[in-house]
Amino acid sequence: MKEKPDTLEQAVLTEYKYGFVTDIDTDVIAKGLSENTIRLISNKKNEPEWMLDWRLKAYNHWLKLEEPKWSNVKYPIINYQDIIYYAAPKPKKQLNSLDEADPELLATFEKLGISLNEQKRLTGVAVDVVMDSVSIATSFKEQLSEIGVIFCSISEAIQLHPELVKKYLGSVVPMTDNYFAALNSAVFTDGSFCYIPKGVRCPMELSTYFRINTENAGQFERTLIVAEDESYVSYLEGCTAPMRDENQLHAAVVELVAHAKAEIKYSTVQNWYPGDKNGLGGIYNFVTKRGMCKGDHSKISWTQVETGSAITWKYPSVILKGDHSIGEFYSVAFTNNHQQADTGTKMIHLGKNTRSRIVSKGISAGHSQNSYRGLVRASKQATNARNYSQCDSLLLGDKCGAHTFPYIEVKNKTAIVEHEATTSKIGEDQLFYCKQRGIDAETAVALIVNGFAKEVMNQLPMEFAVEAQKLLAISMEGSVG
Amino acid sequence: MLSVKNIHANIDGREILKGINLDIKPGEVHAIMGPNGSGKSTLASVLAGREEYEVTEGAVSFLGKDLLELSTEDRAREGLFLAFQYPVEIPGVSTTNFIKAAVNEKRKYLGQEPLDAVAFLKMMKEKMALVEIDQRLLSRSINEGFSGGEKKRNEVFQMAMLEPKLAIMDETDSGLDIDALRIVANGINKLRSPDRAILLITHYQRLLDYIQPDYVHVLYNGRIVKSGTKELALELEEKGYDFITDEVDLAANQ
Ligand SMILES: Nc1ncnc2c1ncn2[C@@H]1O[C@H](COP(=O)(O)OP(=O)(O)O)[C@@H](O)[C@H]1O
Ligand SMILES: [Mg+2]
C-alpha cells in the first residue's frame, strides 16, 4: 500500500485537525426552547428589560414562521427542542487579564493556533474569543478605547453601550427577516461588537474566534459593527468545532453599518467541523450576514473562505443605500465528501452611481454539492448602478456537483449588470499530466486549487491569508508567487 | 539507458501491448512508427506510469533502476519526460507557475536547492528562444485555449526546462503546419545531446526529414514488427504501412 495520496480522491481527503473536545466545567441549561428558555438566558446575562422584550418579540414571530425550503441543500428535520441554547465555560472568578483564564481554556486556543497569552499575541490583531455561548476574553481593549474604538462582546455592549445597541441592533437584519434570523434574535448568547468613531482608521485587525465545544449545544452569535463617517475597520472571523456524530446548529446574524465615506472590510475563514467522509455529523451553518452602506461613498467588502460545515447556507449581502457606495463579495467555497454549500450574495442597489462586484469561486470534491446563489437588484432610483459578477466552479472528480443560480432584477434603464460564469473540471488526466512533470498528486491539487482561488485569497488580510491557505490544504512549497 | 523487455500491458482487461522489446542508449534517437491504434501512445503511457494501464508481464530498467517500481512522479524526477500527444488544460495554473513547480520538485528530489525567481527567469529566457515561444503564452493558464501548435511548442519548451535524460515525444508533429513543424523540430534538434536519448513517436515520416533518427521501429498490433535505420522510414513513406502489416497479418493467419 502506498502512503502518499495518489488519486484525486485521496489527494483531496484532508483530516480535520480541530476536532478535539475541551474538558472544562460548563454551565449548561436544559435542552429545549420556550419563553422560559429565553427568560433564563436573558437573566443569566443580567440583561435590561428592553433586551428581554426584544428577544420575546422575536421568539413570538419565529413561532409563526416555517423553515425555508428554497435552497439547494438537503438535511433531516431539525428538532428545535433537542438543542441546548446556553452553554458557558464556568469562570473561576472575575478575570483581570487573559492570563488569569482557566489554563484548560488557554491550552485549547493555543492548540487552535490562537494565542491568548499576552506576550505571544499577534501584535497587529485584537481578538475576542467566544466559546459556546459566551465571550471569554477580548484583547487590546484598552489600547483601542484610547482612540475611541469600542471592541467588546455584544453582552458587554448591551450593558455598557445600550444606546448604540438599541439604535443599530436589528437595523440591518430585522428580527422578522427570515426563520434563522428570528431564531437568533430570540436566543443569541454572545458575539462581538465594534464601534469605530468618526474619522478613525482602526490601527489593527479586529477579530473574533468562535468555538463550539459542548455537545448538543447550538451556537447563536450576534455580531454588530458600526463605522461612523470617514472611518475604516478590517474585521476577521474564524471558527472551529469538535468532531461529533450528531449535527450541531450554528445560526448567526452579522450586521454591518457603514456611514458616509466609511469602509468596512469583513473577512471570514469558516472551518466548522464538516462531518466525516461518509457524511455523518458536522455543523449546520445557517447564517444571515448583511451590511448597509448607509452613507454616501461608503464601502463594504465581504471576503469569505468557506471550507467547513456539513451544510452552509449564507449570503453575505450589501444594501447600497448611499450614493456612490460600493459593495464587494469575494468568496471561495470548498466542499468535500458529503458537504453541501448554498452560498452567494445579494447586492441591493438603491443609491445613485452605486457599484458592486461579485467574485465567487466554488470548488467541489468527493460527493459534495456546491451552489452559488446571488441576487443583483437595481431599484428604480439606482441611476447608473453597475454590477460585475463572476462565478467560477471547479470540479475535482466526477461525483460532485456545481450549480449557479444568478438572479438579476433591474428596474432602472441606466443600470449595467454583467455576469460571467465558467465551470472547469479536474480529473485523472490533469493529475497524470502533473505527475508526469514530477508534481505529486497532493501538490498538484494544491497548485490547482491555489491558482483557482488566488483572486479571492489575495483579498484576505495577511495574517489570515496563511491560515486560509493551509485550510485549503495548500502547501505553498509547490506553488510560486 | 532504457531497456524494455517483453512488456505486455492491458487496459480494461484487453491486451494492447503484446511483448515489446526496446533498447535505447544515451545520445540515441529512436523513432517508433505505426498505424493508428497500434499501441504507440500506450507504450508511452506505460513507460511514464499511467495507472489505468496494467503491466502483466515483462520488465523495464531505466538508468539502472526498475522503472515499473517507481511512482509516476519519481520517474519524471529521474529524468523521464513525456511530451503528450494531447496536452491537457489545467485551469487557474499559469504555465510559468506550473513549470516552476515541476522544476523545483525535481530539484528537491535530487537534493538541490529550489531555483530562486531570478535564476528561474534567466533559465526561462534561454529556453524560450529554443522553441520561439511567446512570453504572453506563459502567463496564461497552462494549455487553456492554446492552439494545437502552441500546445506542442509548450511541450517542447517544458522538455527544455526539465532537461530530461529520456524524452518520449508522442506525435509532437501532428497537427502542425510546415512552419510550426520546422520550429518544433529545430527545438528538438537543439536539445539533442550525447547524454540524452529521444524516443520519437510519429505517424508520418515528415518529422524525420528534420530529425534524423538512429533507429526506426515499426509498431503494429502491440508488437515491434520491424526495426531498422532511417532508410526504413523512407521505405514506409514510399510503400505505406501495408507492405509490412500485410506480411504480419498473413503470418498470423497461417
Ligand atoms: N483508455 C483506453 N481505454 C480503452 N482502450 C484504449 C484506451 N487507450 C487506448 N486504447 C486502445 O488501445 C489501442 C492502442 O491505442 P494507442 O496506444 O492510443 O494507439 P496509437 O497511439 O498507436 O494510435 C487502440 O485500440 C485503442 O482503442
Ligand atoms: Mg497515439
# chains A, B, ... in the order shown; residues from 1 in each chain; ligands from 1
$ residues_near_ligand --ligand "ligand 1" --cutoff "10 Å" --atoms "only C-alpha atoms and all ligand atoms" --output "ChimeraX atom specification"
/B:9-17,32-46,52-53,85,170-171,201-203,219-222
$ closest_atom_pairs --of "chain A" --to "chain B" --cutoff "7 Å" --atoms "only C-alpha atoms" --output "CSV"
residue,atom,partner,partner_atom,distance
A:Ser424,CA,B:Pro91,CA,6.9
A:Gln430,CA,B:Val88,CA,6.1
A:Phe432,CA,B:Arg50,CA,6.8
A:Lys435,CA,B:Glu73,CA,4.6
A:Gln436,CA,B:Ala76,CA,5.5
A:Arg437,CA,B:Ala102,CA,5.6
A:Gly438,CA,B:Glu73,CA,4.2
A:Ile439,CA,B:Ala102,CA,5.7
A:Asp440,CA,B:Glu73,CA,5.9
A:Leu447,CA,B:Val93,CA,6.9
A:Ile448,CA,B:Val93,CA,5.8
A:Gly451,CA,B:Gly92,CA,4.7
A:Phe452,CA,B:Gly92,CA,4.5
A:Gly478,CA,B:Ala101,CA,5.3
A:Ser479,CA,B:Ala101,CA,5.9
A:Val480,CA,B:Asn97,CA,5.8
$ write_last_selection --atoms "C-alpha atoms" --output "PDB file, in the first residue's frame"
ATOM      1  CA  SER A 424     -13.856  23.530 -15.209  1.00  0.00           C
ATOM      2  CA  GLN A 430      -4.889  16.512 -15.402  1.00  0.00           C
ATOM      3  CA  PHE A 432      -1.392  12.431 -14.655  1.00  0.00           C
ATOM      4  CA  LYS A 435       2.653  13.757 -12.053  1.00  0.00           C
ATOM      5  CA  GLN A 436       4.463  13.221 -15.335  1.00  0.00           C
ATOM      6  CA  ARG A 437       6.145  16.548 -14.692  1.00  0.00           C
ATOM      7  CA  GLY A 438       7.273  15.421 -11.244  1.00  0.00           C
ATOM      8  CA  ILE A 439       4.465  17.135  -9.314  1.00  0.00           C
ATOM      9  CA  ASP A 440       2.802  14.662  -6.940  1.00  0.00           C
ATOM     10  CA  LEU A 447      -1.421  24.127  -7.124  1.00  0.00           C
ATOM     11  CA  ILE A 448      -4.697  23.910  -8.999  1.00  0.00           C
ATOM     12  CA  GLY A 451      -4.410  29.108  -8.656  1.00  0.00           C
ATOM     13  CA  PHE A 452      -8.165  28.933  -8.939  1.00  0.00           C
ATOM     14  CA  GLY A 478       4.742  23.538  -4.632  1.00  0.00           C
ATOM     15  CA  SER A 479       3.411  26.862  -5.758  1.00  0.00           C
ATOM     16  CA  VAL A 480       5.070  30.099  -6.604  1.00  0.00           C
TER      17      VAL A 480
END
$ select_by_dssp --residues "region 124-275 of chain A" --states "helix (DSSP H, G or I)" --output "ChimeraX atom specification"
/A:141-146,154-160,162-168,179-187
$ select_by_dssp --residues "region 48-95 of chain A" --states "strand (DSSP E or B)" --output "count of residues only"
4
$ closest_residue --among "A:Ser267, A:Pro48, A:Leu206, A:Phe140" --to "Glu163 (chain A)" --atoms "only C-alpha atoms"
A:Pro48
$ closest_residue --among "B:Asp134, B:Asp173, B:Asp214, B:Asp246" --to "ligand 2" --atoms "only C-alpha atoms and all ligand atoms"
B:Asp173
$ atom_distance --atom1 "atom 1 (Mg, counted along the ligand's line) of ligand 2" --atom2 "CA of Gln205 (chain B)"
15.0 Å
$ residues_around --residues "Phe146 (chain B)" --least-positions-apart "3" --cutoff "12 Å" --atoms "only C-alpha atoms" --output "PyMOL selection string"
chain B and resi 86-91+95+133-134+136-143+149-155
$ residues_around --residues "Arg196 (chain B)" --least-positions-apart "3" --cutoff "9 Å" --atoms "only C-alpha atoms" --output "count of residues only"
13
$ residues_around --residues "region 324-328 of chain A" --least-positions-apart "2" --cutoff "8 Å" --atoms "only C-alpha atoms" --output "ChimeraX atom specification"
/A:293,295-302,318-322,330,347,351-358
$ closest_residue --among "B:Ala197, B:Met169, B:Met1, B:Leu47" --to "ligand 2" --atoms "only C-alpha atoms and all ligand atoms"
B:Met169
$ closest_residue --among "B:Gly145, B:Thr172, B:Phe157, B:Glu235" --to "Glu126 (chain B)" --atoms "only C-alpha atoms"
B:Phe157
$ closest_residue --among "B:Ile211, B:Met128, B:Ile168, B:Leu176" --to "ligand 2" --atoms "only C-alpha atoms and all ligand atoms"
B:Ile168
